[in-house]
$ cat start18.cif   # mmCIF, C-alpha atoms (C1' of nucleotides)
data_data
loop_
_atom_site.group_PDB
_atom_site.id
_atom_site.type_symbol
_atom_site.label_atom_id
_atom_site.label_comp_id
_atom_site.auth_asym_id
_atom_site.auth_seq_id
_atom_site.Cartn_x
_atom_site.Cartn_y
_atom_site.Cartn_z
ATOM 1 C CA MET A 197 12.825 4.477 6.510
ATOM 2 C CA PRO A 198 12.402 0.773 5.879
ATOM 3 C CA PRO A 199 15.041 -0.268 8.475
ATOM 4 C CA ILE A 200 13.340 1.822 11.174
ATOM 5 C CA ARG A 201 9.939 0.418 10.276
ATOM 6 C CA GLU A 202 11.313 -3.086 10.379
ATOM 7 C CA MET A 203 12.693 -2.484 13.860
ATOM 8 C CA LEU A 204 9.481 -0.908 15.131
ATOM 9 C CA ALA A 205 7.315 -3.689 13.723
ATOM 10 C CA GLU A 206 8.667 -5.922 16.476
ATOM 11 C CA SER A 207 7.230 -3.525 19.032
ATOM 12 C CA GLY A 208 3.992 -3.274 17.092
ATOM 13 C CA ILE A 209 4.162 0.452 16.384
ATOM 14 C CA THR A 210 4.539 2.667 13.318
ATOM 15 C CA GLU A 211 7.088 5.326 12.475
ATOM 16 C CA GLN A 212 4.610 8.056 13.412
ATOM 17 C CA GLN A 213 3.853 6.475 16.769
ATOM 18 C CA TRP A 214 7.580 6.184 17.345
ATOM 19 C CA ARG A 215 8.024 9.901 16.726
ATOM 20 C CA VAL A 216 5.292 10.655 19.241
ATOM 21 C CA LEU A 217 6.965 8.436 21.821
ATOM 22 C CA ARG A 218 10.334 10.061 21.234
ATOM 23 C CA VAL A 219 8.970 13.572 21.522
ATOM 24 C CA LEU A 220 7.288 12.662 24.798
ATOM 25 C CA ALA A 221 10.435 11.014 26.103
ATOM 26 C CA GLU A 222 12.513 14.042 25.235
ATOM 27 C CA HIS A 223 10.228 16.875 26.329
ATOM 28 C CA GLY A 224 7.896 15.304 28.873
ATOM 29 C CA PRO A 225 4.094 15.668 28.954
ATOM 30 C CA GLN A 226 2.785 18.117 26.374
ATOM 31 C CA ASP A 227 -0.420 19.205 24.706
ATOM 32 C CA THR A 228 -1.509 17.769 21.386
ATOM 33 C CA SER A 229 -0.565 20.723 19.204
ATOM 34 C CA THR A 230 2.975 20.861 20.540
ATOM 35 C CA ILE A 231 3.479 17.184 19.856
ATOM 36 C CA ALA A 232 2.049 17.554 16.374
ATOM 37 C CA GLN A 233 4.557 20.246 15.556
ATOM 38 C CA ARG A 234 7.519 18.398 17.052
ATOM 39 C CA ALA A 235 6.622 15.061 15.495
ATOM 40 C CA CYS A 236 5.749 16.544 12.088
ATOM 41 C CA LEU A 237 2.145 15.380 12.196
ATOM 42 C CA LEU A 238 -1.069 17.164 11.328
ATOM 43 C CA LEU A 239 -3.574 17.475 14.133
ATOM 44 C CA PRO A 240 -6.227 15.180 12.651
ATOM 45 C CA SER A 241 -3.633 12.445 12.198
ATOM 46 C CA LEU A 242 -2.341 12.904 15.705
ATOM 47 C CA THR A 243 -5.848 12.758 17.133
ATOM 48 C CA ARG A 244 -6.335 9.288 15.665
ATOM 49 C CA ILE A 245 -2.850 8.129 16.493
ATOM 50 C CA ALA A 246 -3.157 9.282 20.098
ATOM 51 C CA GLN A 247 -6.429 7.448 20.526
ATOM 52 C CA LYS A 248 -4.881 4.218 19.298
ATOM 53 C CA MET A 249 -1.807 4.668 21.450
ATOM 54 C CA ARG A 250 -3.988 5.278 24.489
ATOM 55 C CA ASP A 251 -6.037 2.174 23.662
ATOM 56 C CA ASN A 252 -2.768 0.257 23.425
ATOM 57 C CA GLY A 253 -1.588 1.592 26.773
ATOM 58 C CA LEU A 254 1.377 3.597 25.462
ATOM 59 C CA ILE A 255 0.217 7.060 26.539
ATOM 60 C CA THR A 256 -2.349 8.784 28.746
ATOM 61 C CA LEU A 257 -4.646 11.651 27.758
ATOM 62 C CA ALA A 258 -5.896 14.227 30.240
ATOM 63 C CA ARG A 259 -7.730 17.536 29.961
ATOM 64 C CA ASP A 260 -5.706 20.500 31.083
ATOM 65 C CA ASP A 261 -7.215 22.023 34.217
ATOM 66 C CA THR A 262 -6.384 25.634 33.476
ATOM 67 C CA ASP A 263 -7.482 25.425 29.823
ATOM 68 C CA LYS A 264 -10.056 22.759 29.197
ATOM 69 C CA ARG A 265 -9.574 22.928 25.450
ATOM 70 C CA ARG A 266 -6.116 21.485 25.854
ATOM 71 C CA GLN A 267 -5.316 17.796 25.974
ATOM 72 C CA THR A 268 -2.184 16.859 27.892
ATOM 73 C CA ILE A 269 -0.469 13.697 26.698
ATOM 74 C CA ALA A 270 2.035 11.721 28.768
ATOM 75 C CA LEU A 271 4.041 8.508 28.435
ATOM 76 C CA THR A 272 3.050 5.354 30.306
ATOM 77 C CA LYS A 273 5.609 2.860 31.535
ATOM 78 C CA ALA A 274 4.811 0.642 28.560
ATOM 79 C CA GLY A 275 5.439 3.571 26.235
ATOM 80 C CA GLN A 276 8.677 4.490 27.977
ATOM 81 C CA ARG A 277 9.783 0.905 27.690
ATOM 82 C CA ILE A 278 9.354 0.870 23.921
ATOM 83 C CA VAL A 279 11.503 3.979 23.748
ATOM 84 C CA ASP A 280 14.173 2.388 25.916
ATOM 85 C CA ASP A 281 14.084 -0.826 23.929
ATOM 86 C CA ASN A 282 14.568 0.841 20.562
ATOM 87 C CA MET A 283 16.513 4.032 21.097
ATOM 88 C CA ASP A 284 19.976 2.528 20.694
ATOM 89 C CA GLU A 285 19.175 0.652 17.550
ATOM 90 C CA ALA A 286 17.438 3.695 16.061
ATOM 91 C CA ALA A 287 20.525 5.776 16.744
ATOM 92 C CA ALA A 288 22.663 3.121 15.107
ATOM 93 C CA ILE A 289 20.512 3.151 12.003
ATOM 94 C CA VAL A 290 20.749 6.917 11.717
ATOM 95 C CA ASN A 291 24.458 6.690 12.274
ATOM 96 C CA GLY A 292 24.746 4.166 9.475
ATOM 97 C CA ILE A 293 23.103 6.610 7.101
ATOM 98 C CA LYS A 294 25.388 9.369 8.301
ATOM 99 C CA GLN A 295 28.395 7.177 7.607
ATOM 100 C CA ARG A 296 27.176 6.237 4.159
ATOM 101 C CA LEU A 297 26.583 9.841 3.125
ATOM 102 C CA GLY A 298 29.574 11.226 4.917
ATOM 103 C CA ALA A 299 29.252 13.518 7.912
ATOM 104 C CA ASP A 300 29.589 16.694 5.846
ATOM 105 C CA ASN A 301 26.933 15.692 3.347
ATOM 106 C CA TYR A 302 24.677 14.604 6.150
ATOM 107 C CA GLU A 303 24.881 17.933 7.950
ATOM 108 C CA GLN A 304 24.457 19.810 4.715
ATOM 109 C CA LEU A 305 21.367 17.829 3.844
ATOM 110 C CA LEU A 306 19.787 18.651 7.190
ATOM 111 C CA ASP A 307 20.626 22.316 6.742
ATOM 112 C CA LEU A 308 19.145 22.463 3.259
ATOM 113 C CA LEU A 309 15.991 20.677 4.355
ATOM 114 C CA SER A 310 15.410 23.100 7.205
ATOM 115 C CA LEU A 311 16.039 25.946 4.790
ATOM 116 C CA LEU A 312 13.486 24.431 2.439
ATOM 117 C CA GLU A 313 10.752 24.274 5.005
ATOM 118 C CA ALA A 314 11.471 27.747 6.407
ATOM 119 C CA ASP A 315 8.427 29.025 4.594
ATOM 120 C CA THR A 316 9.368 32.663 4.316
ATOM 121 C CA MET B 173 3.780 21.174 -1.814
ATOM 122 C CA PRO B 174 0.787 23.245 -0.765
ATOM 123 C CA PRO B 175 1.044 25.669 -3.721
ATOM 124 C CA ILE B 176 1.086 22.789 -6.220
ATOM 125 C CA ARG B 177 -1.874 21.143 -4.517
ATOM 126 C CA GLU B 178 -3.771 24.397 -4.565
ATOM 127 C CA MET B 179 -3.186 24.745 -8.291
ATOM 128 C CA LEU B 180 -4.168 21.145 -9.027
ATOM 129 C CA ALA B 181 -7.324 21.356 -6.932
ATOM 130 C CA GLU B 182 -8.802 23.539 -9.662
ATOM 131 C CA SER B 183 -8.342 20.684 -12.116
ATOM 132 C CA GLY B 184 -9.697 18.216 -9.576
ATOM 133 C CA ILE B 185 -6.573 16.063 -9.307
ATOM 134 C CA THR B 186 -4.021 15.261 -6.616
ATOM 135 C CA GLU B 187 -0.259 15.627 -6.583
ATOM 136 C CA GLN B 188 0.158 11.923 -7.245
ATOM 137 C CA GLN B 189 -2.190 11.991 -10.204
ATOM 138 C CA TRP B 190 -0.304 15.008 -11.496
ATOM 139 C CA ARG B 191 2.953 13.082 -11.362
ATOM 140 C CA VAL B 192 1.386 10.243 -13.342
ATOM 141 C CA LEU B 193 0.146 12.685 -15.967
ATOM 142 C CA ARG B 194 3.558 14.323 -16.253
ATOM 143 C CA VAL B 195 5.386 11.028 -16.601
ATOM 144 C CA LEU B 196 3.004 9.988 -19.365
ATOM 145 C CA ALA B 197 3.359 13.346 -21.111
ATOM 146 C CA GLU B 198 7.125 13.136 -20.969
ATOM 147 C CA HIS B 199 7.719 9.479 -21.859
ATOM 148 C CA GLY B 200 4.566 8.424 -23.709
ATOM 149 C CA PRO B 201 2.543 5.237 -23.061
ATOM 150 C CA GLN B 202 4.172 2.950 -20.510
ATOM 151 C CA ASP B 203 3.425 -0.039 -18.356
ATOM 152 C CA THR B 204 2.358 0.322 -14.746
ATOM 153 C CA SER B 205 5.654 -0.591 -13.120
ATOM 154 C CA THR B 206 7.601 1.931 -15.147
ATOM 155 C CA ILE B 207 5.209 4.695 -14.209
ATOM 156 C CA ALA B 208 5.350 3.688 -10.565
ATOM 157 C CA GLN B 209 9.098 4.025 -10.543
ATOM 158 C CA ARG B 210 9.146 7.326 -12.418
ATOM 159 C CA ALA B 211 6.354 8.868 -10.382
ATOM 160 C CA CYS B 212 7.665 7.590 -7.040
ATOM 161 C CA LEU B 213 4.576 5.533 -6.289
ATOM 162 C CA LEU B 214 4.197 2.025 -4.959
ATOM 163 C CA LEU B 215 2.373 -0.386 -7.221
ATOM 164 C CA PRO B 216 -0.698 -0.863 -5.021
ATOM 165 C CA SER B 217 -1.164 2.893 -4.832
ATOM 166 C CA LEU B 218 -0.747 3.277 -8.557
ATOM 167 C CA THR B 219 -3.262 0.523 -9.234
ATOM 168 C CA ARG B 220 -5.934 2.453 -7.370
ATOM 169 C CA ILE B 221 -4.893 5.807 -8.764
ATOM 170 C CA ALA B 222 -4.927 4.507 -12.331
ATOM 171 C CA GLN B 223 -8.410 3.087 -11.892
ATOM 172 C CA LYS B 224 -9.720 6.430 -10.694
ATOM 173 C CA MET B 225 -7.959 8.310 -13.459
ATOM 174 C CA ARG B 226 -9.445 5.961 -16.036
ATOM 175 C CA ASP B 227 -12.895 6.416 -14.520
ATOM 176 C CA ASN B 228 -12.354 10.161 -14.752
ATOM 177 C CA GLY B 229 -11.286 9.910 -18.372
ATOM 178 C CA LEU B 230 -7.693 11.079 -17.913
ATOM 179 C CA ILE B 231 -5.940 7.899 -19.073
ATOM 180 C CA THR B 232 -6.615 4.618 -20.865
ATOM 181 C CA LEU B 233 -5.570 1.140 -19.719
ATOM 182 C CA ALA B 234 -4.842 -1.677 -22.141
ATOM 183 C CA ARG B 235 -3.335 -5.125 -21.837
ATOM 184 C CA ASP B 236 -0.050 -5.511 -23.654
ATOM 185 C CA ASP B 237 -0.421 -7.911 -26.578
ATOM 186 C CA THR B 238 3.026 -9.461 -26.401
ATOM 187 C CA ASP B 239 2.966 -9.812 -22.601
ATOM 188 C CA LYS B 240 -0.519 -10.094 -21.201
ATOM 189 C CA ARG B 241 0.658 -9.508 -17.667
ATOM 190 C CA ARG B 242 1.524 -5.959 -18.543
ATOM 191 C CA GLN B 243 -0.881 -3.053 -18.450
ATOM 192 C CA THR B 244 -0.095 -0.228 -20.864
ATOM 193 C CA ILE B 245 -1.256 3.197 -19.740
ATOM 194 C CA ALA B 246 -1.702 6.164 -22.062
ATOM 195 C CA LEU B 247 -2.894 9.755 -21.818
ATOM 196 C CA THR B 248 -6.302 10.801 -23.151
ATOM 197 C CA LYS B 249 -6.927 14.231 -24.617
ATOM 198 C CA ALA B 250 -8.524 15.288 -21.342
ATOM 199 C CA GLY B 251 -5.415 14.144 -19.490
ATOM 200 C CA GLN B 252 -3.110 15.902 -21.916
ATOM 201 C CA ARG B 253 -5.149 19.038 -21.501
ATOM 202 C CA ILE B 254 -4.667 19.076 -17.744
ATOM 203 C CA VAL B 255 -0.941 18.802 -18.328
ATOM 204 C CA ASP B 256 -0.991 21.660 -20.813
ATOM 205 C CA ASP B 257 -3.125 23.800 -18.536
ATOM 206 C CA ASN B 258 -0.854 23.444 -15.523
ATOM 207 C CA MET B 259 2.680 22.887 -16.755
ATOM 208 C CA ASP B 260 3.691 26.524 -16.911
ATOM 209 C CA GLU B 261 2.396 27.395 -13.499
ATOM 210 C CA ALA B 262 3.994 24.286 -12.003
ATOM 211 C CA ALA B 263 7.327 25.267 -13.505
ATOM 212 C CA ALA B 264 6.918 28.759 -12.079
ATOM 213 C CA ILE B 265 6.271 27.374 -8.610
ATOM 214 C CA VAL B 266 9.366 25.208 -8.756
ATOM 215 C CA ASN B 267 11.326 28.138 -10.039
ATOM 216 C CA GLY B 268 10.140 30.229 -7.123
ATOM 217 C CA ILE B 269 11.497 27.654 -4.707
ATOM 218 C CA LYS B 270 14.758 27.543 -6.609
ATOM 219 C CA GLN B 271 15.050 31.306 -6.348
ATOM 220 C CA ARG B 272 14.296 31.308 -2.656
ATOM 221 C CA LEU B 273 16.905 28.656 -1.874
ATOM 222 C CA GLY B 274 19.423 29.925 -4.352
ATOM 223 C CA ALA B 275 20.397 27.928 -7.431
ATOM 224 C CA ASP B 276 23.451 26.382 -5.801
ATOM 225 C CA ASN B 277 21.590 25.220 -2.724
ATOM 226 C CA TYR B 278 18.802 23.899 -4.902
ATOM 227 C CA GLU B 279 21.123 21.770 -7.015
ATOM 228 C CA GLN B 280 22.985 20.593 -3.972
ATOM 229 C CA LEU B 281 19.770 19.542 -2.291
ATOM 230 C CA LEU B 282 18.757 17.479 -5.312
ATOM 231 C CA ASP B 283 22.180 15.854 -5.401
ATOM 232 C CA LEU B 284 22.104 14.972 -1.725
ATOM 233 C CA LEU B 285 18.610 13.548 -1.970
ATOM 234 C CA SER B 286 19.539 11.307 -4.869
ATOM 235 C CA LEU B 287 22.598 10.236 -2.915
ATOM 236 C CA LEU B 288 20.376 9.447 0.043
ATOM 237 C CA GLU B 289 18.076 7.191 -1.881
ATOM 238 C CA ALA B 290 20.890 5.436 -3.737
ATOM 239 C CA ASP B 291 20.448 2.481 -1.448
ATOM 240 C CA THR B 292 23.872 0.953 -1.732
ATOM 241 C "C1'" DA C 30 4.327 -31.086 -22.305
ATOM 242 C "C1'" DA C 31 4.683 -30.593 -17.167
ATOM 243 C "C1'" DC C 32 6.630 -28.412 -13.315
ATOM 244 C "C1'" DG C 33 8.499 -24.978 -10.394
ATOM 245 C "C1'" DT C 34 9.752 -20.233 -10.367
ATOM 246 C "C1'" DT C 35 9.633 -15.588 -11.467
ATOM 247 C "C1'" DT C 36 7.355 -11.420 -12.952
ATOM 248 C "C1'" DC C 37 3.430 -8.046 -13.296
ATOM 249 C "C1'" DC C 38 -0.302 -6.610 -11.397
ATOM 250 C "C1'" DT C 39 -4.252 -6.668 -8.250
ATOM 251 C "C1'" DT C 40 -6.769 -6.991 -3.920
ATOM 252 C "C1'" DA C 41 -7.266 -6.561 0.956
ATOM 253 C "C1'" DA C 42 -6.532 -4.522 5.399
ATOM 254 C "C1'" DC C 43 -4.943 -1.207 8.169
ATOM 255 C "C1'" DA C 44 -2.491 3.361 9.033
ATOM 256 C "C1'" DT C 45 -1.661 7.951 7.779
ATOM 257 C "C1'" DG C 46 -2.197 12.410 4.815
ATOM 258 C "C1'" DT C 47 -5.214 16.143 3.722
ATOM 259 C "C1'" DT C 48 -8.946 19.316 3.737
ATOM 260 C "C1'" DA C 49 -13.199 21.088 5.526
ATOM 261 C "C1'" DA C 50 -16.696 21.378 8.896
ATOM 262 C "C1'" DC C 51 -17.766 21.301 13.720
ATOM 263 C "C1'" DT C 52 -17.570 21.601 19.023
ATOM 264 C "C1'" DA C 53 -16.063 23.441 23.115
ATOM 265 C "C1'" DT C 54 -13.568 26.623 25.519
ATOM 266 C "C1'" DG C 55 -11.153 30.857 26.334
ATOM 267 C "C1'" DC C 56 -10.703 35.959 25.621
ATOM 268 C "C1'" DG C 57 -11.386 40.712 24.644
ATOM 269 C "C1'" DT C 58 -14.596 44.274 24.630
ATOM 270 C "C1'" DA C 59 -18.720 46.984 24.413
ATOM 271 C "C1'" DT D 107 -22.870 40.222 31.271
ATOM 272 C "C1'" DA D 108 -23.361 39.457 26.392
ATOM 273 C "C1'" DC D 109 -21.294 39.342 22.054
ATOM 274 C "C1'" DG D 110 -17.931 38.425 18.620
ATOM 275 C "C1'" DC D 111 -13.891 36.186 17.660
ATOM 276 C "C1'" DA D 112 -9.882 33.299 18.174
ATOM 277 C "C1'" DT D 113 -7.886 28.871 19.704
ATOM 278 C "C1'" DA D 114 -7.472 23.612 20.626
ATOM 279 C "C1'" DG D 115 -9.205 19.427 19.321
ATOM 280 C "C1'" DT D 116 -12.245 16.447 17.070
ATOM 281 C "C1'" DT D 117 -14.833 14.273 13.405
ATOM 282 C "C1'" DA D 118 -15.792 13.094 8.707
ATOM 283 C "C1'" DA D 119 -14.680 11.937 4.005
ATOM 284 C "C1'" DC D 120 -11.706 10.859 0.658
ATOM 285 C "C1'" DA D 121 -6.878 9.804 -1.101
ATOM 286 C "C1'" DT D 122 -2.565 7.685 -0.523
ATOM 287 C "C1'" DG D 123 1.165 4.778 2.056
ATOM 288 C "C1'" DT D 124 2.470 0.210 3.395
ATOM 289 C "C1'" DT D 125 2.637 -4.678 3.846
ATOM 290 C "C1'" DA D 126 1.016 -9.222 2.827
ATOM 291 C "C1'" DA D 127 -1.438 -12.369 0.082
ATOM 292 C "C1'" DG D 128 -3.350 -13.770 -4.332
ATOM 293 C "C1'" DG D 129 -3.968 -14.519 -9.482
ATOM 294 C "C1'" DA D 130 -2.451 -14.728 -14.110
ATOM 295 C "C1'" DA D 131 0.930 -14.951 -17.486
ATOM 296 C "C1'" DA D 132 5.748 -15.770 -18.894
ATOM 297 C "C1'" DC D 133 10.030 -18.585 -18.515
ATOM 298 C "C1'" DG D 134 13.434 -22.101 -17.736
ATOM 299 C "C1'" DT D 135 14.223 -26.804 -17.081
ATOM 300 C "C1'" DT D 136 13.365 -31.466 -17.231
#
$ encode --input "start18.cif" --output "structure tokens"
Amino acid sequence: MPPIREMLAESGITEQQWRVLRVLAEHGPQDTSTIAQRACLLLPSLTRIAQKMRDNGLITLARDDTDKRRQTIALTKAGQRIVDDNMDEAAAIVNGIKQRLGADNYEQLLDLLSLLEADT
Amino acid sequence: MPPIREMLAESGITEQQWRVLRVLAEHGPQDTSTIAQRACLLLPSLTRIAQKMRDNGLITLARDDTDKRRQTIALTKAGQRIVDDNMDEAAAIVNGIKQRLGADNYEQLLDLLSLLEADT
DNA sequence: AACGTTTCCTTAACATGTTAACTATGCGTA
DNA sequence: TACGCATAGTTAACATGTTAAGGAAACGTT
């Protein structure tokens, strides 16, 4: 998504980091594996990405108290701000694509893609 | 495509290298930019990939005589052999996906994807 | 011929994709 | 409790994705 990347470059983040931020904004604090699944990232990638995002002050990492294997990730104010600053424009970009394809084609494409990745 | 990757791992190549081999097998010797477009690879990626494939004896690189900026890439026998050894199984894997989705859905998905990347 | 511009490719730098090996923790059970 | 096993993350190593900058050759114009 070149237009999305171009937008995010101004905030200094990548598409993958953006997906992580959005998932956190939508579902609240979560463990690493849940984020990986929701943001379509493999765990090793997310491990690196999360470390960078923590170093950049966008998220916090904390061990879960009841299960010390789990890492709970949460948004910081700086991270929330990037979401707020870009959400509208991101929606507009997606909407532009939807318009170009036509609403019916757009929905159909999403359906077929989810069918494709339904492994069974 | 996990099943494709699993198949190719036995020949010691990646999905991207496989696409380069297939494009060369289908269209014959070509310059780098043409391959990049046909194999859906960016030029910097293809530059590295081609160097590795040459080092591994799968392709040859040669400067074009009429235009010395151009690099002409061609299959070696070893490269052709990997194509021959895997083409049938690759086709079977694709066919399996087609069956699972249904022929109509499969065609429709391809159509929608080409519509999506038709930038205009 | 000389110049500016474009084209083809390469290199560099950083980020992610992908697989395998590894650590730590939790869990079930003998 | 001790053992065996499963789960959650991490690390490592290599390959590719992505953008920007650079180098060489071709091209058009003066």
$ residues_around --input "start18.cif" --residues "range 107-123 of chain D" --least-positions-apart "6" --cutoff "10 Å" --atoms "all atoms listed in the file" --output "PyMOL selection string"
(chain A and resi 227-229+239-240+243-244+263-267) or (chain B and resi 186+188+213-214+216-218+220-221) or (chain C and resi 44-59)
$ axis_aligned_box --input "start18.cif" --around "range 294-305 of chain A" --padding-each-side "4 Å" --output "JSON"
{"center_x": 25.5, "center_y": 13.0, "center_z": 5.7, "size_x": 16.2, "size_y": 21.6, "size_z": 13.2}
$ resolve_selection --input "start18.cif" --expression "the PyMOL selection byres ((chain A) within 7 of (chain B))" --output "PDB file with C-alpha atoms, in the coordinates of the input"
ATOM      1  CA  LEU A 297      26.583   9.841   3.125  1.00  0.00           C
ATOM      2  CA  LEU A 305      21.367  17.829   3.844  1.00  0.00           C
ATOM      3  CA  LEU A 308      19.145  22.463   3.259  1.00  0.00           C
ATOM      4  CA  LEU A 312      13.486  24.431   2.439  1.00  0.00           C
TER       5      LEU A 312
END
$ atom_distance --input "start18.cif" --atom1 "CA of Ala262 in chain B" --atom2 "CA of Pro175 in chain B"
8.9 Å
$ closest_atom_pairs --input "start18.cif" --of "chain C" --to "chain B" --cutoff "8 Å" --atoms "only C-alpha atoms (C1' of nucleotides)" --output "Markdown table"
| residue | atom | partner | partner_atom | distance |
| --- | --- | --- | --- | --- |
| C:DC37 | C1' | B:Arg241 | CA | 5.4 |
| C:DC38 | C1' | B:Arg241 | CA | 7.0 |
| C:DT39 | C1' | B:Thr219 | CA | 7.3 |
$ atom_distance --input "start18.cif" --atom1 "CA of Val216 in chain A" --atom2 "CA of Asn252 in chain A"
13.8 Å
$ closest_residue --input "start18.cif" --among "B:Met259, B:Ala275, B:Ala250, B:Ala211" --to "Leu196 in chain B" --atoms "all atoms listed in the file"
B:Ala211
$ residues_near_point --input "start18.cif" --point "(1.0, 11.5, 27.1)" --cutoff "12 Å" --atoms "all atoms listed in the file" --output "number ranges by chain"
A: 213, 216-228, 230-231, 242, 245-247, 249-250, 253-260, 267-276
